[in-house]
file start-v4.csv (CSV, C-alpha atoms)
chain,number,residue,atom,x,y,z
A,804,MET,CA,6.1,39.2,8.9
A,805,LYS,CA,4.7,40.3,5.5
A,806,ASN,CA,1.1,41.1,5.0
A,807,TYR,CA,-0.3,38.1,3.1
A,808,SER,CA,-4.0,39.0,3.4
A,809,THR,CA,-4.5,39.3,-0.3
A,810,ILE,CA,-2.8,36.0,-1.0
A,811,LEU,CA,-4.7,34.2,1.7
A,812,SER,CA,-8.0,35.5,0.4
A,813,LYS,CA,-7.6,33.4,-2.7
A,814,SER,CA,-9.9,30.4,-3.3
A,815,ARG,CA,-8.5,26.9,-3.0
A,816,ILE,CA,-8.0,26.6,-6.7
A,817,GLU,CA,-6.5,30.1,-7.0
A,818,MET,CA,-4.1,29.2,-4.1
A,819,ILE,CA,-3.0,25.9,-5.8
A,820,HIS,CA,-2.2,27.8,-9.0
A,821,PHE,CA,-0.5,30.6,-7.2
A,822,LEU,CA,1.8,28.2,-5.3
A,823,ARG,CA,2.7,26.4,-8.5
A,824,GLU,CA,3.6,29.7,-10.1
A,825,GLU,CA,5.8,30.5,-7.1
A,826,MET,CA,7.9,27.4,-7.7
A,827,PRO,CA,10.1,28.3,-10.7
A,828,VAL,CA,10.9,24.7,-11.8
A,829,PRO,CA,9.6,23.3,-15.1
A,830,THR,CA,7.6,20.1,-15.1
A,831,ALA,CA,6.4,17.6,-17.7
A,832,VAL,CA,3.9,14.7,-18.0
A,833,ASN,CA,5.1,11.3,-18.8
A,834,PRO,CA,4.2,10.4,-22.4
A,835,TYR,CA,2.9,7.0,-21.1
A,836,TYR,CA,0.3,8.7,-18.8
A,837,GLU,CA,-2.8,7.6,-20.6
A,838,GLN,CA,-1.6,4.0,-21.0
A,839,THR,CA,-0.6,3.9,-17.3
A,840,LYS,CA,-3.9,5.4,-16.1
A,841,GLN,CA,-5.9,2.8,-18.0
A,842,ILE,CA,-3.9,-0.1,-16.6
A,843,VAL,CA,-3.8,1.0,-12.9
A,844,ASP,CA,-7.3,2.5,-12.7
A,845,THR,CA,-8.8,-0.7,-14.1
A,846,TRP,CA,-6.8,-2.7,-11.6
A,847,ALA,CA,-7.8,-0.5,-8.7
A,848,SER,CA,-11.5,-0.5,-9.7
A,849,GLU,CA,-11.5,-4.3,-9.5
A,850,PHE,CA,-11.2,-4.2,-5.7
A,851,ASN,CA,-14.2,-3.3,-3.5
A,852,ASN,CA,-11.9,-0.9,-1.6
A,853,LYS,CA,-12.9,2.5,-0.4
A,854,GLU,CA,-9.4,3.9,-0.3
A,855,LEU,CA,-8.4,2.6,-3.8
A,856,ASN,CA,-11.6,3.9,-5.3
A,857,GLU,CA,-10.9,7.4,-3.9
A,858,LEU,CA,-7.4,7.3,-5.3
A,859,VAL,CA,-8.8,6.7,-8.8
A,860,LEU,CA,-10.8,10.0,-8.4
A,861,TRP,CA,-7.6,11.7,-7.3
A,862,ASP,CA,-5.9,10.6,-10.5
A,863,VAL,CA,-2.8,9.1,-8.9
A,864,ALA,CA,-1.7,8.0,-12.3
A,865,LEU,CA,-1.3,11.6,-13.3
A,866,CYS,CA,0.5,12.3,-10.1
A,867,THR,CA,3.1,9.6,-10.8
A,868,SER,CA,3.4,10.7,-14.4
A,869,THR,CA,4.1,14.3,-13.4
A,870,LEU,CA,6.6,13.2,-10.7
A,871,HIS,CA,8.4,10.7,-12.9
A,872,PRO,CA,8.1,12.1,-16.5
A,873,GLN,CA,11.1,10.1,-17.9
A,874,ALA,CA,10.1,6.7,-16.6
A,875,LYS,CA,9.7,3.9,-19.2
A,876,PRO,CA,6.3,2.2,-19.6
A,877,LYS,CA,7.0,-0.7,-17.3
A,878,VAL,CA,8.7,1.4,-14.6
A,879,GLN,CA,6.0,4.0,-14.8
A,880,LYS,CA,3.3,1.4,-14.4
A,881,ASN,CA,5.1,-0.1,-11.4
A,882,ILE,CA,5.6,3.3,-9.8
A,883,ALA,CA,1.9,4.0,-10.2
A,884,TRP,CA,0.9,0.7,-8.6
A,885,VAL,CA,3.2,1.5,-5.7
A,886,TYR,CA,1.6,4.9,-5.2
A,887,TYR,CA,-1.8,3.4,-5.3
A,888,ILE,CA,-1.1,0.7,-2.8
A,889,PHE,CA,0.9,2.7,-0.3
A,890,SER,CA,-1.5,5.7,-0.5
A,891,ALA,CA,-4.5,3.4,0.1
A,892,VAL,CA,-2.8,2.1,3.3
A,893,ASP,CA,-1.9,5.6,4.4
A,894,GLU,CA,-5.5,6.8,4.0
A,895,LEU,CA,-6.8,3.8,6.0
A,896,LEU,CA,-4.3,4.4,8.8
A,897,GLU,CA,-5.1,8.1,8.9
A,898,ASP,CA,-8.8,7.4,9.1
A,899,LEU,CA,-8.4,4.9,12.0
A,900,SER,CA,-5.9,7.1,13.8
A,901,ASN,CA,-8.0,10.3,13.4
A,902,ASN,CA,-10.8,8.4,15.1
A,903,GLY,CA,-8.7,7.2,18.0
A,904,ARG,CA,-8.5,3.6,16.8
A,905,TYR,CA,-4.8,3.3,17.3
A,906,GLU,CA,-4.6,-0.4,18.2
A,907,GLU,CA,-6.3,-1.3,14.9
A,908,ALA,CA,-4.0,1.0,13.0
A,909,ARG,CA,-0.9,-0.5,14.7
A,910,GLU,CA,-2.1,-4.0,14.0
A,911,ILE,CA,-2.1,-3.1,10.3
A,912,VAL,CA,1.4,-1.6,10.6
A,913,LYS,CA,2.5,-4.9,12.3
A,914,LYS,CA,1.0,-7.0,9.4
A,915,ILE,CA,2.8,-4.8,6.9
A,916,TYR,CA,6.1,-5.2,8.7
A,917,GLN,CA,5.4,-9.0,8.4
A,918,TRP,CA,4.4,-8.8,4.8
A,919,ASP,CA,1.0,-10.1,5.7
A,920,TYR,CA,-1.5,-7.5,4.3
A,921,PRO,CA,-3.7,-7.3,1.2
A,922,PHE,CA,-2.1,-5.8,-1.9
A,923,TRP,CA,1.3,-6.1,-0.2
A,924,ASN,CA,2.6,-8.9,-2.4
A,925,LEU,CA,1.7,-6.6,-5.3
A,926,ALA,CA,3.8,-3.8,-3.9
A,927,GLN,CA,6.7,-6.1,-3.6
A,928,SER,CA,6.4,-7.6,-7.0
A,929,ALA,CA,5.9,-4.2,-8.6
A,930,ILE,CA,9.4,-3.1,-7.7
A,931,GLU,CA,11.1,-6.5,-7.8
A,932,ASP,CA,13.5,-5.2,-10.5
A,933,MET,CA,14.8,-2.4,-8.4
A,934,ARG,CA,18.4,-2.4,-7.4
A,935,PRO,CA,18.7,-4.0,-4.0
A,936,GLY,CA,20.0,-0.8,-2.3
A,937,THR,CA,17.2,1.2,-3.7
A,938,ARG,CA,14.6,-1.3,-2.7
A,939,LYS,CA,15.9,-1.5,0.9
A,940,ARG,CA,15.9,2.3,1.2
A,941,PHE,CA,12.4,2.5,-0.2
A,942,PHE,CA,10.9,0.1,2.3
A,943,ASP,CA,12.9,1.4,5.2
A,944,TYR,CA,11.5,4.9,4.5
A,945,TYR,CA,8.0,3.5,4.1
A,946,PHE,CA,8.0,1.6,7.4
A,947,ASP,CA,9.0,4.9,9.1
A,948,THR,CA,6.1,6.5,7.3
A,949,ILE,CA,3.3,4.2,8.4
A,950,ALA,CA,4.6,4.3,12.0
A,951,ALA,CA,4.6,8.1,11.9
A,952,VAL,CA,1.1,8.3,10.5
A,953,VAL,CA,-0.3,6.7,13.7
A,954,THR,CA,2.1,8.4,16.2
A,955,LEU,CA,1.5,11.9,14.8
A,956,ARG,CA,-2.3,11.6,15.1
A,957,GLU,CA,-2.1,10.1,18.5
A,958,LYS,CA,0.0,13.0,19.8
A,959,LEU,CA,-2.2,15.5,18.1
A,960,ASN,CA,-5.3,14.0,19.6
A,961,GLU,CA,-3.7,14.0,23.0
A,962,GLY,CA,-2.7,17.7,22.5
A,963,SER,CA,0.9,16.9,23.4
A,964,ILE,CA,3.1,18.0,20.5
A,965,THR,CA,5.5,20.8,19.8
A,966,VAL,CA,6.1,22.5,16.5
A,967,GLU,CA,9.5,20.8,16.4
A,968,GLU,CA,8.0,17.4,17.0
A,969,PHE,CA,5.3,18.1,14.4
A,970,TYR,CA,8.0,18.9,11.8
A,971,LYS,CA,9.7,15.6,12.5
A,972,LEU,CA,6.6,13.4,12.5
A,973,ARG,CA,4.9,15.2,9.6
A,974,SER,CA,8.1,14.8,7.5
A,975,ASP,CA,8.0,11.1,8.1
A,976,ASP,CA,4.2,10.8,7.9
A,977,LEU,CA,4.2,12.0,4.3
A,978,HIS,CA,5.7,9.2,2.2
A,979,THR,CA,7.8,11.6,0.2
A,980,PHE,CA,11.1,10.1,1.4
A,981,SER,CA,10.1,6.8,-0.1
A,982,CYS,CA,8.9,8.5,-3.3
A,983,LEU,CA,12.2,10.3,-3.7
A,984,THR,CA,14.0,7.0,-3.8
A,985,LEU,CA,11.9,6.2,-6.9
A,986,PHE,CA,14.1,8.6,-8.8
A,987,GLU,CA,16.8,5.9,-8.4
A,988,TYR,CA,14.4,3.4,-10.0
A,989,GLU,CA,13.2,5.8,-12.7
A,990,HIS,CA,16.8,6.7,-13.8
A,991,ASP,CA,18.4,3.3,-12.9
A,992,LEU,CA,20.9,5.0,-10.6
A,993,ASP,CA,23.5,2.8,-9.0
A,994,ILE,CA,23.8,5.0,-6.0
A,995,THR,CA,25.2,4.0,-2.6
A,996,ASP,CA,24.2,4.9,1.0
A,997,GLU,CA,27.5,6.7,1.3
A,998,GLU,CA,26.7,9.0,-1.6
A,999,LEU,CA,23.3,9.8,-0.2
A,1000,ASP,CA,24.7,10.4,3.3
A,1001,HIS,CA,26.5,13.6,2.2
A,1002,GLN,CA,25.0,16.4,4.3
A,1003,LEU,CA,24.1,18.5,1.3
A,1004,VAL,CA,22.1,15.6,-0.3
A,1005,LYS,CA,20.3,14.9,3.0
A,1006,ASP,CA,19.4,18.6,3.4
A,1007,ILE,CA,18.0,18.8,-0.1
A,1008,LEU,CA,15.9,15.7,0.3
A,1009,TYR,CA,14.7,16.8,3.7
A,1010,HIS,CA,13.7,20.3,2.6
A,1011,THR,CA,11.9,18.8,-0.5
A,1012,VAL,CA,9.8,16.8,2.0
A,1013,VAL,CA,9.0,19.9,4.2
A,1014,LEU,CA,8.2,22.1,1.2
A,1015,SER,CA,5.8,19.4,0.0
A,1016,TRP,CA,3.8,19.0,3.2
A,1017,LEU,CA,3.7,22.8,3.8
A,1018,HIS,CA,2.1,23.1,0.3
A,1019,ASN,CA,-0.3,20.3,1.3
A,1020,ASP,CA,-1.2,22.0,4.6
A,1021,ILE,CA,-1.8,25.4,2.9
A,1022,VAL,CA,-4.1,24.2,0.2
A,1023,SER,CA,-5.9,21.9,2.7
A,1024,PHE,CA,-6.6,24.7,5.3
A,1025,ASP,CA,-10.4,24.8,4.6
A,1026,ARG,CA,-10.8,21.1,4.1
A,1027,ASP,CA,-8.9,20.2,7.3
A,1028,ILE,CA,-10.8,22.7,9.4
A,1029,ALA,CA,-14.1,21.5,8.0
A,1030,HIS,CA,-13.2,17.8,8.7
A,1031,ASN,CA,-11.4,18.5,12.0
A,1032,ASN,CA,-8.2,17.0,10.6
A,1033,ARG,CA,-5.5,17.9,13.1
A,1034,ALA,CA,-2.5,16.8,11.0
A,1035,ASN,CA,-2.0,20.3,9.7
A,1036,LEU,CA,0.6,22.8,11.0
A,1037,LEU,CA,-2.3,25.2,11.3
A,1038,TYR,CA,-3.8,23.2,14.1
A,1039,VAL,CA,-0.5,23.1,16.0
A,1040,LEU,CA,0.1,26.8,15.7
A,1041,THR,CA,-3.4,27.7,16.9
A,1042,ASN,CA,-3.9,24.8,19.3
A,1043,GLY,CA,-7.1,24.1,17.4
A,1044,ASN,CA,-8.6,27.5,18.3
A,1045,TYR,CA,-9.5,28.8,14.9
A,1046,GLY,CA,-10.4,32.3,16.0
A,1047,ASP,CA,-8.4,35.5,16.1
A,1048,GLN,CA,-5.1,33.5,15.7
A,1049,LEU,CA,-6.2,32.1,12.3
A,1050,PRO,CA,-5.0,34.8,9.9
A,1051,GLU,CA,-1.6,35.1,11.6
A,1052,ALA,CA,-1.1,31.3,11.7
A,1053,LYS,CA,-2.0,31.0,8.0
A,1054,ALA,CA,0.5,33.8,7.2
A,1055,ASP,CA,3.1,32.1,9.3
A,1056,ILE,CA,2.8,28.9,7.3
A,1057,LEU,CA,2.8,30.7,4.0
A,1058,GLN,CA,6.1,32.4,5.0
A,1059,ARG,CA,7.5,29.1,6.0
A,1060,PHE,CA,6.6,27.8,2.5
A,1061,PHE,CA,8.5,30.7,0.8
A,1062,ASP,CA,11.5,30.3,3.1
A,1063,GLU,CA,11.7,26.5,2.4
A,1064,ARG,CA,11.4,27.1,-1.3
A,1065,ASP,CA,14.2,29.6,-1.3
A,1066,LEU,CA,16.4,27.4,0.7
A,1067,LEU,CA,15.7,24.3,-1.4
A,1068,LEU,CA,16.6,26.2,-4.6
A,1069,LYS,CA,19.7,27.6,-3.1
A,1070,LEU,CA,20.9,24.2,-1.9
A,1071,ALA,CA,20.1,22.6,-5.3
A,1072,GLN,CA,22.3,25.2,-6.9
A,1073,GLU,CA,25.1,24.5,-4.4
A,1074,ALA,CA,24.8,20.8,-5.3
A,1075,ALA,CA,25.0,21.6,-9.1
A,1076,ASP,CA,28.2,23.6,-8.5
A,1077,SER,CA,29.7,21.1,-6.0
A,1078,LYS,CA,33.1,19.5,-6.6
A,1079,GLU,CA,32.5,16.9,-3.9
A,1080,LEU,CA,29.3,15.2,-5.0
A,1081,SER,CA,29.2,12.2,-7.3
A,1082,ASP,CA,27.3,12.4,-10.5
A,1083,ASN,CA,24.6,10.1,-9.0
A,1084,ALA,CA,24.2,12.4,-6.0
A,1085,LYS,CA,24.0,15.4,-8.2
A,1086,THR,CA,21.3,13.8,-10.2
A,1087,MET,CA,19.2,13.2,-7.0
A,1088,CYS,CA,19.8,16.8,-5.9
A,1089,ARG,CA,18.7,18.1,-9.3
A,1090,LEU,CA,15.6,15.9,-9.4
A,1091,ALA,CA,14.4,16.7,-5.9
A,1092,PRO,CA,13.0,20.2,-6.6
A,1093,THR,CA,11.3,18.8,-9.7
A,1094,TRP,CA,9.4,16.3,-7.5
A,1095,ALA,CA,8.0,19.2,-5.4
A,1096,ALA,CA,7.1,21.2,-8.6
A,1097,GLY,CA,5.5,18.1,-10.1
A,1098,TYR,CA,3.4,17.6,-6.9
A,1099,PHE,CA,2.3,21.2,-7.1
A,1100,GLU,CA,1.4,20.8,-10.8
A,1101,TRP,CA,-0.6,17.6,-10.2
A,1102,SER,CA,-2.5,19.4,-7.4
A,1103,LYS,CA,-4.0,21.8,-10.0
A,1104,PHE,CA,-5.9,18.9,-11.6
A,1105,SER,CA,-6.6,16.5,-8.7
A,1106,LYS,CA,-9.9,16.3,-6.8
A,1107,ARG,CA,-8.0,15.5,-3.6
A,1108,TYR,CA,-8.4,19.0,-2.1
A,1109,VAL,CA,-12.2,19.3,-2.4
A,1110,VAL,CA,-13.7,20.3,1.0

call {"tool": "encode", "arguments": {"input": "start-v4.csv", "output": "C-alpha cells"}}
result
Amino acid sequence: MKNYSTILSKSRIEMIHFLREEMPVPTAVNPYYEQTKQIVDTWASEFNNKELNELVLWDVALCTSTLHPQAKPKVQKNIAWVYYIFSAVDELLEDLSNNGRYEEAREIVKKIYQWDYPFWNLAQSAIEDMRPGTRKRFFDYYFDTIAAVVTLREKLNEGSITVEEFYKLRSDDLHTFSCLTLFEYEHDLDITDEELDHQLVKDILYHTVVLSWLHNDIVSFDRDIAHNNRANLLYVLTNGNYGDQLPEAKADILQRFFDERDLLLKLAQEAADSKELSDNAKTMCRLAPTWAAGYFEWSKFSKRYVV
C-alpha cells in the first residue's frame, strides 16, 4: 500500500478540497439555486423540527443545485424538498439506531411504508409529476435505504458485521440510489427497467454509490470518532480500537477511494463507447460520475462535517 501519511495529515477542510481535486469531473451550480434556497429553507424553518433545522445549516439547497444543475425551477424545487424530507427522516433514524432504540426506528419505517408519517404527503406530492417508472424506482430504493439505516447500526452495535456486509448495507443506507433516479426526473428520461438492468449500467450506479460513501467516511473520520459513530468503514476495519491500527486503516480507506474512482471513470468511458446501451442508459451512465463530483463540490461549502 502507498504511503498516504502526508495526505492523511491534512485538516478536514484540506481533505475535502483534495478529494474534490482528485475527481476530474466538472460540476456546475443550478442557476435557480438562490430562488430554490429561499423557498425550501423558508418552508423547512416553519417546522419546529431538529432534523430539518440542521439541514438548513447544511445548505441542502446548494447540494441539490450542485447535483442537478440542469433542472428547471419547479423540478429543482421539488428535488430540494425531497432531499430535505428524506434526509430529515434518515437523520432521525440514525439517531435512534445509534442509541439502540431500534423498535422506535422500525416503527417509523413501518409508518413510512404505510404513508403515515409527517412530511410524507409532501414527499409524494413533490414528485407527483414524475414518470410512473421513475417514481416506483425512487421509492423502492428509498424503502431499502430506511431499512438499511436501522439494520446497519444494529449490526454495528452488536459487533457482528463483516467488511462485505458493511459494503452492502452502507451502500443501501446512503440514499444515493434514490438520488440517482432523480436524473431521470431532471432530464425527463423515459427509461425502462430493462435499460437500467444492463450490467454496465448497474455497475456504474453501484460504484457511484460506493465512491460517495467512501468520500463521506474519509472526511468524517474525526467527527465519527469524536461522536462514537460506528457507521464508518474505519470502525469496521479497526473493530473500534482506534490505536496503532488507525493510520493503516485510514490509508486502506483512502486507497479504496482511489480504486473506486478509477474504476468508475473507466466504466463510464466504456458506457460512452458502448454499441449496446440505449441513449437513455448512456445518459444515466454519463451523469452518475457528475453526481459524485457534485457531492464532493457541495462538501466544500457545507457545515455538515464540523466535528

call {"tool": "residues_around", "arguments": {"input": "start-v4.csv", "residues": "Asp1006 of chain A", "least_positions_apart": "4", "cutoff": "9 Å", "atoms": "all atoms listed in the file", "output": "PDB file with C-alpha atoms, in the frame of the given file"}}
result
ATOM      1  CA  HIS A1001      26.500  13.600   2.200  1.00  0.00           C
ATOM      2  CA  GLN A1002      25.000  16.400   4.300  1.00  0.00           C
ATOM      3  CA  HIS A1010      13.700  20.300   2.600  1.00  0.00           C
ATOM      4  CA  THR A1011      11.900  18.800  -0.500  1.00  0.00           C
ATOM      5  CA  LEU A1067      15.700  24.300  -1.400  1.00  0.00           C
ATOM      6  CA  LEU A1070      20.900  24.200  -1.900  1.00  0.00           C
TER       7      LEU A1070
END

call {"tool": "residues_around", "arguments": {"input": "start-v4.csv", "residues": "Asp1062 of chain A", "least_positions_apart": "3", "cutoff": "12 Å", "atoms": "all atoms listed in the file", "output": "list in words"}}
result
Met804, Glu825, Met826, His1010, Val1013, Leu1014, Leu1017, Asp1055, Ile1056, Leu1057, Gln1058, Arg1059, Asp1065, Leu1066, Leu1067, Leu1068 and Lys1069 of chain A

call {"tool": "write_last_selection", "arguments": {"input": "start-v4.csv", "atoms": "C-alpha atoms", "output": "PDB file, in the frame of the given file"}}
result
ATOM      1  CA  MET A 804       6.100  39.200   8.900  1.00  0.00           C
ATOM      2  CA  GLU A 825       5.800  30.500  -7.100  1.00  0.00           C
ATOM      3  CA  MET A 826       7.900  27.400  -7.700  1.00  0.00           C
ATOM      4  CA  HIS A1010      13.700  20.300   2.600  1.00  0.00           C
ATOM      5  CA  VAL A1013       9.000  19.900   4.200  1.00  0.00           C
ATOM      6  CA  LEU A1014       8.200  22.100   1.200  1.00  0.00           C
ATOM      7  CA  LEU A1017       3.700  22.800   3.800  1.00  0.00           C
ATOM      8  CA  ASP A1055       3.100  32.100   9.300  1.00  0.00           C
ATOM      9  CA  ILE A1056       2.800  28.900   7.300  1.00  0.00           C
ATOM     10  CA  LEU A1057       2.800  30.700   4.000  1.00  0.00           C
ATOM     11  CA  GLN A1058       6.100  32.400   5.000  1.00  0.00           C
ATOM     12  CA  ARG A1059       7.500  29.100   6.000  1.00  0.00           C
ATOM     13  CA  ASP A1065      14.200  29.600  -1.300  1.00  0.00           C
ATOM     14  CA  LEU A1066      16.400  27.400   0.700  1.00  0.00           C
ATOM     15  CA  LEU A1067      15.700  24.300  -1.400  1.00  0.00           C
ATOM     16  CA  LEU A1068      16.600  26.200  -4.600  1.00  0.00           C
ATOM     17  CA  LYS A1069      19.700  27.600  -3.100  1.00  0.00           C
TER      18      LYS A1069
END

call {"tool": "residues_around", "arguments": {"input": "start-v4.csv", "residues": "Ala1095 of chain A", "least_positions_apart": "6", "cutoff": "12 Å", "atoms": "all atoms listed in the file", "output": "ChimeraX atom specification"}}
result
/A:822-823,825-830,866,869-871,979-980,982-983,1007-1019,1060,1063-1064,1067-1068,1089,1101-1102

call {"tool": "closest_residue", "arguments": {"input": "start-v4.csv", "among": "A:Phe1099, A:Tyr905, A:Tyr988, A:Phe941", "to": "Leu955 of chain A", "atoms": "all atoms listed in the file"}}
result
A:Tyr905

call {"tool": "residues_around", "arguments": {"input": "start-v4.csv", "residues": "Lys875 of chain A", "least_positions_apart": "4", "cutoff": "8 Å", "atoms": "all atoms listed in the file", "output": "MDAnalysis selection string"}}
result
chainID A and resid 835 879 989

call {"tool": "write_last_selection", "arguments": {"input": "start-v4.csv", "atoms": "C-alpha atoms", "output": "mmCIF file, in the frame of the given file"}}
result
data_model
loop_
_atom_site.group_PDB
_atom_site.id
_atom_site.type_symbol
_atom_site.label_atom_id
_atom_site.label_comp_id
_atom_site.auth_asym_id
_atom_site.auth_seq_id
_atom_site.Cartn_x
_atom_site.Cartn_y
_atom_site.Cartn_z
ATOM 1 C CA TYR A 835 2.900 7.000 -21.100
ATOM 2 C CA GLN A 879 6.000 4.000 -14.800
ATOM 3 C CA GLU A 989 13.200 5.800 -12.700
#

call {"tool": "residues_around", "arguments": {"input": "start-v4.csv", "residues": "Pro834 of chain A", "least_positions_apart": "5", "cutoff": "10 Å", "atoms": "all atoms listed in the file", "output": "ChimeraX atom specification"}}
result
/A:839,868-869,872-876

call {"tool": "closest_residue", "arguments": {"input": "start-v4.csv", "among": "A:Phe986, A:Ile816, A:Glu1051, A:Phe1024", "to": "Asn1083 of chain A", "atoms": "all atoms listed in the file"}}
result
A:Phe986

call {"tool": "closest_residue", "arguments": {"input": "start-v4.csv", "among": "A:Thr954, A:Ser848, A:Ser812, A:Asn901", "to": "Leu860 of chain A", "atoms": "all atoms listed in the file"}}
result
A:Ser848

call {"tool": "atom_distance", "arguments": {"input": "start-v4.csv", "atom1": "atom CA of Ser900 of chain A", "atom2": "atom CA of Ala1034 of chain A"}}
result
10.7 Å

call {"tool": "atom_distance", "arguments": {"input": "start-v4.csv", "atom1": "atom CA of Lys971 of chain A", "atom2": "atom CA of Ala1029 of chain A"}}
result
24.9 Å

call {"tool": "atom_distance", "arguments": {"input": "start-v4.csv", "atom1": "atom CA of Ala1052 of chain A", "atom2": "atom CA of Glu894 of chain A"}}
result
26.1 Å

call {"tool": "decode", "arguments": {"input": "start-v4.csv", "residues": "segment 1046-1053 of chain A", "atoms": "all heavy atoms", "output": "JSON list (two decimals), in the first residue's frame"}}
result
[["chain", "number", "residue", "atom", "x", "y", "z"],
["A", 1046, "GLY", "N", -6.31, 2.70, 17.82],
["A", 1046, "GLY", "CA", -4.97, 2.81, 18.35],
["A", 1046, "GLY", "C", -3.95, 2.71, 17.25],
["A", 1046, "GLY", "O", -3.96, 3.48, 16.29],
["A", 1047, "ASP", "N", -3.06, 1.72, 17.37],
["A", 1047, "ASP", "CA", -2.00, 1.57, 16.38],
["A", 1047, "ASP", "C", -2.53, 1.25, 14.98],
["A", 1047, "ASP", "O", -1.86, 1.51, 13.98],
["A", 1047, "ASP", "CB", -1.04, 0.45, 16.82],
["A", 1047, "ASP", "CG", -0.29, 0.81, 18.10],
["A", 1047, "ASP", "OD1", -0.20, 2.02, 18.40],
["A", 1047, "ASP", "OD2", 0.19, -0.11, 18.78],
["A", 1048, "GLN", "N", -3.75, 0.67, 14.91],
["A", 1048, "GLN", "CA", -4.31, 0.29, 13.61],
["A", 1048, "GLN", "C", -4.83, 1.49, 12.81],
["A", 1048, "GLN", "O", -5.09, 1.37, 11.62],
["A", 1048, "GLN", "CB", -5.48, -0.68, 13.80],
["A", 1048, "GLN", "CG", -5.15, -1.95, 14.55],
["A", 1048, "GLN", "CD", -6.41, -2.78, 14.73],
["A", 1048, "GLN", "OE1", -6.99, -3.26, 13.77],
["A", 1048, "GLN", "NE2", -6.84, -2.94, 15.97],
["A", 1049, "LEU", "N", -5.02, 2.62, 13.47],
["A", 1049, "LEU", "CA", -5.72, 3.75, 12.86],
["A", 1049, "LEU", "C", -5.06, 4.26, 11.58],
["A", 1049, "LEU", "O", -5.73, 4.39, 10.55],
["A", 1049, "LEU", "CB", -5.87, 4.88, 13.88],
["A", 1049, "LEU", "CG", -6.87, 5.98, 13.54],
["A", 1049, "LEU", "CD1", -8.26, 5.40, 13.29],
["A", 1049, "LEU", "CD2", -6.92, 7.01, 14.67],
["A", 1050, "PRO", "N", -3.74, 4.55, 11.57],
["A", 1050, "PRO", "CA", -3.14, 5.07, 10.33],
["A", 1050, "PRO", "C", -3.28, 4.10, 9.16],
["A", 1050, "PRO", "O", -3.59, 4.52, 8.04],
["A", 1050, "PRO", "CB", -1.66, 5.27, 10.72],
["A", 1050, "PRO", "CG", -1.68, 5.44, 12.20],
["A", 1050, "PRO", "CD", -2.77, 4.53, 12.69],
["A", 1051, "GLU", "N", -3.07, 2.81, 9.42],
["A", 1051, "GLU", "CA", -3.17, 1.83, 8.35],
["A", 1051, "GLU", "C", -4.61, 1.72, 7.83],
["A", 1051, "GLU", "O", -4.84, 1.61, 6.61],
["A", 1051, "GLU", "CB", -2.70, 0.47, 8.84],
["A", 1051, "GLU", "CG", -2.70, -0.60, 7.75],
["A", 1051, "GLU", "CD", -2.18, -1.95, 8.22],
["A", 1051, "GLU", "OE1", -1.64, -2.01, 9.34],
["A", 1051, "GLU", "OE2", -2.32, -2.92, 7.45],
["A", 1052, "ALA", "N", -5.58, 1.77, 8.74],
["A", 1052, "ALA", "CA", -6.99, 1.68, 8.33],
["A", 1052, "ALA", "C", -7.40, 2.90, 7.51],
["A", 1052, "ALA", "O", -8.11, 2.78, 6.50],
["A", 1052, "ALA", "CB", -7.87, 1.53, 9.56],
["A", 1053, "LYS", "N", -6.95, 4.08, 7.91],
["A", 1053, "LYS", "CA", -7.26, 5.29, 7.15],
["A", 1053, "LYS", "C", -6.65, 5.22, 5.75],
["A", 1053, "LYS", "O", -7.29, 5.59, 4.76],
["A", 1053, "LYS", "CB", -6.73, 6.53, 7.89],
["A", 1053, "LYS", "CG", -7.54, 6.93, 9.11],
["A", 1053, "LYS", "CD", -6.98, 8.22, 9.71],
["A", 1053, "LYS", "CE", -7.85, 8.73, 10.84],
["A", 1053, "LYS", "NZ", -7.34, 9.99, 11.42]]
